[in-house]
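Listing of work07.cif, mmCIF, C-alpha atoms and all ligand atoms
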```cif
data_model
loop_
_atom_site.group_PDB
_atom_site.id
_atom_site.type_symbol
_atom_site.label_atom_id
_atom_site.label_comp_id
_atom_site.auth_asym_id
_atom_site.auth_seq_id
_atom_site.Cartn_x
_atom_site.Cartn_y
_atom_site.Cartn_z
ATOM 1 C CA MET A 1 133.265 134.069 101.771
ATOM 2 C CA ILE A 2 135.330 130.965 101.025
ATOM 3 C CA ASP A 3 138.420 131.089 98.832
ATOM 4 C CA ILE A 4 139.470 127.978 96.891
ATOM 5 C CA HIS A 5 143.148 127.778 95.905
ATOM 6 C CA LEU A 6 146.070 125.401 95.586
ATOM 7 C CA ALA A 7 147.534 124.421 98.960
ATOM 8 C CA SER A 8 150.963 125.600 100.072
ATOM 9 C CA THR A 9 153.315 124.118 102.669
ATOM 10 C CA THR A 10 152.009 126.597 105.265
ATOM 11 C CA ASP A 11 148.664 124.741 105.125
ATOM 12 C CA ILE A 12 150.062 121.428 106.407
ATOM 13 C CA ALA A 13 149.136 121.994 110.080
ATOM 14 C CA ASP A 14 145.537 122.815 109.097
ATOM 15 C CA LEU A 15 145.386 119.760 106.820
ATOM 16 C CA ASP A 16 146.655 117.540 109.653
ATOM 17 C CA THR A 17 143.938 118.962 111.923
ATOM 18 C CA ILE A 18 141.256 118.119 109.345
ATOM 19 C CA ASN A 19 142.720 114.621 108.921
ATOM 20 C CA ASP A 20 142.659 114.081 112.680
ATOM 21 C CA GLU A 21 139.001 115.077 112.755
ATOM 22 C CA ILE A 22 137.745 113.259 109.662
ATOM 23 C CA ALA A 23 138.701 109.596 109.216
ATOM 24 C CA TYR A 24 141.379 108.777 108.814
ATOM 25 C CA PRO A 25 144.694 110.547 109.718
ATOM 26 C CA ASN A 26 146.449 110.464 106.345
ATOM 27 C CA PRO A 27 150.233 110.788 106.752
ATOM 28 C CA SER A 28 151.697 114.330 106.798
ATOM 29 C CA GLU A 29 154.400 113.224 104.331
ATOM 30 C CA PHE A 30 151.700 112.285 101.806
ATOM 31 C CA MET A 31 150.046 115.678 102.251
ATOM 32 C CA ALA A 32 153.402 117.487 101.831
ATOM 33 C CA GLU A 33 154.268 115.497 98.705
ATOM 34 C CA SER A 34 150.823 116.186 97.222
ATOM 35 C CA ILE A 35 151.199 119.920 97.898
ATOM 36 C CA ASP A 36 154.579 119.924 96.117
ATOM 37 C CA LYS A 37 152.926 118.330 93.083
ATOM 38 C CA GLY A 38 150.035 120.848 93.026
ATOM 39 C CA ARG A 39 147.456 118.184 93.842
ATOM 40 C CA ILE A 40 145.612 119.712 96.798
ATOM 41 C CA TYR A 41 143.014 122.469 96.628
ATOM 42 C CA VAL A 42 142.047 124.043 99.953
ATOM 43 C CA ALA A 43 138.978 126.002 101.039
ATOM 44 C CA ALA A 44 139.975 128.907 103.306
ATOM 45 C CA THR A 45 137.848 131.346 105.286
ATOM 46 C CA GLU A 46 138.402 135.123 105.099
ATOM 47 C CA GLN A 47 140.491 134.748 108.286
ATOM 48 C CA GLY A 48 142.697 132.281 106.422
ATOM 49 C CA SER A 49 141.823 129.060 108.237
ATOM 50 C CA VAL A 50 141.504 125.986 106.067
ATOM 51 C CA VAL A 51 138.121 124.292 106.522
ATOM 52 C CA GLY A 52 138.302 121.699 103.762
ATOM 53 C CA TYR A 53 140.433 120.251 101.022
ATOM 54 C CA GLY A 54 140.360 118.034 97.937
ATOM 55 C CA LEU A 55 143.311 115.895 96.868
ATOM 56 C CA PHE A 56 143.775 114.114 93.543
ATOM 57 C CA GLN A 57 146.329 111.611 92.267
ATOM 58 C CA PHE A 58 147.034 109.890 88.961
ATOM 59 C CA LEU A 59 146.592 106.133 88.747
ATOM 60 C CA TRP A 60 149.216 104.643 86.442
ATOM 61 C CA GLY A 61 150.588 108.160 86.029
ATOM 62 C CA ASP A 62 147.780 109.467 83.817
ATOM 63 C CA THR A 63 144.322 108.534 85.163
ATOM 64 C CA PRO A 64 142.934 111.124 87.624
ATOM 65 C CA LEU A 65 141.505 109.907 90.912
ATOM 66 C CA LEU A 66 139.807 112.137 93.473
ATOM 67 C CA SER A 67 141.500 110.513 96.471
ATOM 68 C CA LEU A 68 140.321 112.661 99.377
ATOM 69 C CA LEU A 69 137.619 115.275 99.839
ATOM 70 C CA LYS A 70 137.055 116.539 103.369
ATOM 71 C CA VAL A 71 135.137 119.478 104.800
ATOM 72 C CA LEU A 72 135.075 120.134 108.550
ATOM 73 C CA PRO A 73 131.696 119.091 110.039
ATOM 74 C CA ASP A 74 130.717 122.657 111.064
ATOM 75 C CA HIS A 75 131.150 123.794 107.452
ATOM 76 C CA GLN A 76 129.482 120.884 105.659
ATOM 77 C CA GLY A 77 126.340 121.411 103.603
ATOM 78 C CA ASN A 78 127.369 124.943 102.510
ATOM 79 C CA GLY A 79 128.647 124.126 99.030
ATOM 80 C CA ILE A 80 132.344 123.953 99.949
ATOM 81 C CA GLY A 81 132.768 120.331 98.840
ATOM 82 C CA THR A 82 131.161 121.275 95.534
ATOM 83 C CA GLN A 83 133.534 124.233 95.070
ATOM 84 C CA LEU A 84 136.571 122.023 95.799
ATOM 85 C CA LEU A 85 135.373 119.385 93.352
ATOM 86 C CA THR A 86 134.762 122.034 90.679
ATOM 87 C CA ALA A 87 138.288 123.445 91.121
ATOM 88 C CA ILE A 88 139.785 119.971 90.656
ATOM 89 C CA GLU A 89 137.568 119.204 87.657
ATOM 90 C CA ASN A 90 138.506 122.499 85.988
ATOM 91 C CA ASP A 91 142.204 121.871 86.643
ATOM 92 C CA LEU A 92 142.009 118.373 85.123
ATOM 93 C CA ALA A 93 139.782 119.339 82.195
ATOM 94 C CA GLY A 94 142.213 122.182 81.458
ATOM 95 C CA ARG A 95 144.985 119.575 81.146
ATOM 96 C CA GLY A 96 142.890 117.578 78.682
ATOM 97 C CA HIS A 97 141.609 114.811 80.974
ATOM 98 C CA LYS A 98 138.258 113.402 79.876
ATOM 99 C CA SER A 99 137.141 111.620 83.038
ATOM 100 C CA LEU A 100 137.578 111.650 86.805
ATOM 101 C CA PHE A 101 137.513 108.588 89.044
ATOM 102 C CA SER A 102 136.646 108.600 92.730
ATOM 103 C CA SER A 103 135.775 106.148 95.481
ATOM 104 C CA THR A 104 133.756 105.998 98.629
ATOM 105 C CA ASP A 105 133.186 103.606 101.491
ATOM 106 C CA LYS A 106 130.109 101.455 100.864
ATOM 107 C CA THR A 107 128.655 102.613 104.205
ATOM 108 C CA ASN A 108 129.176 106.366 103.564
ATOM 109 C CA GLU A 109 125.725 107.335 102.284
ATOM 110 C CA LEU A 110 126.327 111.110 102.463
ATOM 111 C CA SER A 111 129.404 110.743 100.283
ATOM 112 C CA GLN A 112 127.496 108.535 97.845
ATOM 113 C CA ARG A 113 124.765 111.193 97.633
ATOM 114 C CA PHE A 114 127.384 113.900 97.089
ATOM 115 C CA HIS A 115 129.030 111.931 94.264
ATOM 116 C CA SER A 116 125.753 111.002 92.613
ATOM 117 C CA LYS A 117 124.549 114.622 92.769
ATOM 118 C CA HIS A 118 127.717 115.600 90.901
ATOM 119 C CA GLY A 119 127.359 113.078 88.111
ATOM 120 C CA PHE A 120 129.501 110.183 89.341
ATOM 121 C CA GLU A 121 128.316 106.671 88.573
ATOM 122 C CA LYS A 122 129.355 103.480 90.316
ATOM 123 C CA ILE A 123 131.668 101.338 88.158
ATOM 124 C CA GLY A 124 132.580 98.607 90.636
ATOM 125 C CA GLU A 125 133.730 97.812 94.126
ATOM 126 C CA LEU A 126 136.788 96.361 95.844
ATOM 127 C CA ASP A 127 137.120 94.434 99.087
ATOM 128 C CA MET A 128 139.747 96.577 100.865
ATOM 129 C CA ASP A 129 141.302 96.060 104.328
ATOM 130 C CA HIS A 130 138.862 98.617 105.801
ATOM 131 C CA GLY A 131 135.772 97.171 104.086
ATOM 132 C CA ILE A 132 134.021 97.470 100.725
ATOM 133 C CA GLU A 133 135.024 100.537 98.683
ATOM 134 C CA TRP A 134 132.836 101.673 95.786
ATOM 135 C CA PHE A 135 134.607 103.064 92.720
ATOM 136 C CA LEU A 136 132.951 105.825 90.737
ATOM 137 C CA LYS A 137 133.497 107.695 87.479
ATOM 138 C CA LYS A 138 132.269 110.858 85.801
ATOM 139 C CA GLU A 139 132.972 112.399 82.425
ATOM 140 C CA LEU A 140 134.628 115.804 82.461
ATOM 141 C CA PRO A 141 133.505 118.573 80.120
ATOM 142 C CA THR A 142 135.667 118.657 77.011
ATOM 143 C CA ARG A 143 137.632 121.815 76.304
ATOM 144 C CA ALA A 144 137.992 123.294 72.831
HETATM 145 C C1 LIG A 201 131.332 114.673 101.356
HETATM 146 C C2 LIG A 201 131.743 116.113 101.753
HETATM 147 C C3 LIG A 201 133.152 116.399 101.238
HETATM 148 C C4 LIG A 201 130.753 117.063 101.079
HETATM 149 O O1 LIG A 201 131.156 118.388 101.371
HETATM 150 P P1 LIG A 201 130.068 119.526 101.651
HETATM 151 O O2 LIG A 201 130.773 120.832 101.676
HETATM 152 O O3 LIG A 201 129.236 119.152 102.798
HETATM 153 O O4 LIG A 201 129.197 119.381 100.299
HETATM 154 P P2 LIG A 201 128.271 120.466 99.602
HETATM 155 O O5 LIG A 201 127.715 121.390 100.624
HETATM 156 O O6 LIG A 201 128.972 121.040 98.441
HETATM 157 O O7 LIG A 201 127.164 119.528 99.015
HETATM 158 C C5 LIG A 201 126.155 119.048 99.877
HETATM 159 C C6 LIG A 201 125.734 117.706 99.358
HETATM 160 O O8 LIG A 201 126.667 116.751 99.809
HETATM 161 C C7 LIG A 201 126.001 115.726 100.512
HETATM 162 N N1 LIG A 201 126.472 115.847 101.882
HETATM 163 C C8 LIG A 201 127.497 115.113 102.330
HETATM 164 N N2 LIG A 201 127.701 115.362 103.612
HETATM 165 C C9 LIG A 201 126.826 116.319 104.002
HETATM 166 C C10 LIG A 201 126.568 116.966 105.258
HETATM 167 N N3 LIG A 201 127.242 116.659 106.361
HETATM 168 N N4 LIG A 201 125.599 117.906 105.301
HETATM 169 C C11 LIG A 201 124.886 118.168 104.205
HETATM 170 N N5 LIG A 201 125.092 117.581 103.003
HETATM 171 C C12 LIG A 201 126.050 116.650 102.905
HETATM 172 C C13 LIG A 201 124.545 115.892 100.252
HETATM 173 O O9 LIG A 201 124.257 115.127 99.084
HETATM 174 C C14 LIG A 201 124.380 117.338 99.934
HETATM 175 O O10 LIG A 201 123.448 117.548 98.939
HETATM 176 P P3 LIG A 201 121.909 117.819 99.311
HETATM 177 O O11 LIG A 201 121.931 118.959 100.283
HETATM 178 O O12 LIG A 201 121.258 118.156 98.007
HETATM 179 O O13 LIG A 201 121.451 116.538 99.903
HETATM 180 C C15 LIG A 201 131.660 116.339 103.285
HETATM 181 O O14 LIG A 201 130.395 115.984 103.740
HETATM 182 C C16 LIG A 201 132.710 115.552 104.081
HETATM 183 O O15 LIG A 201 133.807 116.043 104.311
HETATM 184 N N6 LIG A 201 132.362 114.335 104.528
HETATM 185 C C17 LIG A 201 133.294 113.518 105.316
HETATM 186 C C18 LIG A 201 134.425 112.962 104.455
HETATM 187 C C19 LIG A 201 133.897 112.195 103.275
HETATM 188 O O16 LIG A 201 133.020 111.356 103.414
HETATM 189 N N7 LIG A 201 134.438 112.474 102.078
HETATM 190 C C20 LIG A 201 133.990 111.861 100.838
HETATM 191 C C21 LIG A 201 134.707 110.621 100.523
HETATM 192 S S1 LIG A 201 136.018 110.932 99.377
#
```

Can you dump the structure from the file as C-alpha cells?
Amino acid sequence: MIDIHLASTTDIADLDTINDEIAYPNPSEFMAESIDKGRIYVAATEQGSVVGYGLFQFLWGDTPLLSLLKVLPDHQGNGIGTQLLTAIENDLAGRGHKSLFSSTDKTNELSQRFHSKHGFEKIGELDMDHGIEWFLKKELPTRA
C-alpha cells in the first residue's frame, strides 16, 4: 500500500537518493525550498520509505508547471506516477487552476506515453542546453 502526501523536511535524504538515481541530481536546496512551499507530493511505502515524488512550480507566479515526476525504477509501472499526478491535479484544481503544464525530453518516450495517457497534449518545444524539451498542457477539471 502506497501513501501519497505532502513532503516534509525529513524526506530530503530520500528525495536526494531518488535524484541521484533518476537524471538528474536536482539541488537539495531546491527540494528543501519546494517542501517549504508545499509543492512536493511523495509516495511512501508502509515502511515509510519514499519511492517517488512529484514537484510543481508556478511560472510567472500563477501558471502551474509539473516540473519533476520521478518513481524509482523498481516501483515503476504500478500506478504510483498516476497517483502522484492525481494528488497534484487535485491540489491545483482545488485552488481554482484550470490547466496544468508539463514538459518532457524529446527522447523520453515512456514519459511521453505517460503524459499522453493522462490527457496532456504537446503545445511546443524548446531547444534547451540538454536537448529538445517538449512542452505539454492539460485542462484540469473545474470545481463548483
Ligand atoms: C514517468 C514515470 C514518473 C511514470 O511513473 P509510473 O509510476 O511508472 O507510472 P504509472 O505506473 O502510474 O503509469 C504507467 C504508465 O506510464 C508509462 N511508463 C513510464 N515509465 C514506465 C515504466 N518504467 N514502466 C511501465 N510504464 C511506464 C506508460 O505509459 C505506462 O502506461 P501503460 O502501462 O498503459 O503503457 C516514471 O516512469 C519515471 O519516474 N520515469 C523516469 C523519470 C521521468 O521520465 N519522469 C517524467 C518526466 S517529468

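Checking A:Val42, A:Glu139, A:Ile80, A:Ile12 one by one against Glu29 in chain A, counting only C-alpha atoms, you find the shortest gap at A:Ile12.
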
Would you list the residues that come within 9 Å of ligand LIG 201 (chain A)? Count all atoms listed in the file and give the answer as a VMD selection string.
-> chain A and resid 22 to 23 52 to 54 66 to 85 102 to 105 108 to 118

ask   = Residues picked by the PyMOL selection byres (((chain A and resi 88) around 9) and not hetatm) here, as number ranges by chain?
value = A: 39-41, 54-56, 66, 83-87, 89-93

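Here CA of Gly124 in chain A and CA of Met31 in chain A stand 27.0 Å from one another.
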
Taken to one decimal, the CA of Ile2 in chain A-CA of Gln57 in chain A distance is 23.9 Å

Shortest contact to Asn19 in chain A, candidates A:Phe101, A:Asp3, A:Glu46, A:Val51, atoms counted all atoms listed in the file, goes to A:Val51

Discussion item. Residues within 7 Å of range 13-18 of chain A, please, as a PyMOL selection string. Count all atoms listed in the file; anything in the same chain fewer than 2 positions from it doesn't count.
Written reply: chain A and resi 11+20-22+28+50+72

re CA of Ala44 in chain A and CA of Arg95 in chain A: distance 24.6 Å

Report task. Can you pull out every residue within 10 Å of Thr63 in chain A, counting only C-alpha atoms, but drop anything in the same chain fewer than 5 positions away, and send it as a PyMOL selection string? Result -> chain A and resi 57-58+97-101

For range 128-140 of chain A, what centre and edge lengths in Å (one decimal) does the axis-aligned box get once 3 Å is added on each side of all its listed atoms, as lines of an AutoDock Vina configuration file?
```
center_x = 136.8
center_y = 105.9
center_z = 94.1
size_x = 15.0
size_y = 25.7
size_z = 29.4
```

Counting all atoms listed in the file, figure out which residue out of A:Ser49, A:Thr9, A:Glu121, A:Trp60 gets nearest to Asp36 in chain A.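 That would be A:Thr9, the residue with the smallest distance to Asp36 in chain A.
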
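Excluding Leu126 in chain A itself and any same-chain residue fewer than 6 positions from it, the protein and nucleic acid residues within 10 Å of it, counting only C-alpha atoms, are A:Ser103, A:Asp105, A:Lys106, A:Ile132, A:Glu133, A:Trp134, A:Phe135.
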
Exercise. Which of these, A:His130, A:Lys138, A:Lys122, A:His5, has the shortest distance to Ala43 in chain A once you count only C-alpha atoms?
Worked result: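 The shortest atom-to-atom distance to Ala43 in chain A comes from A:His5.
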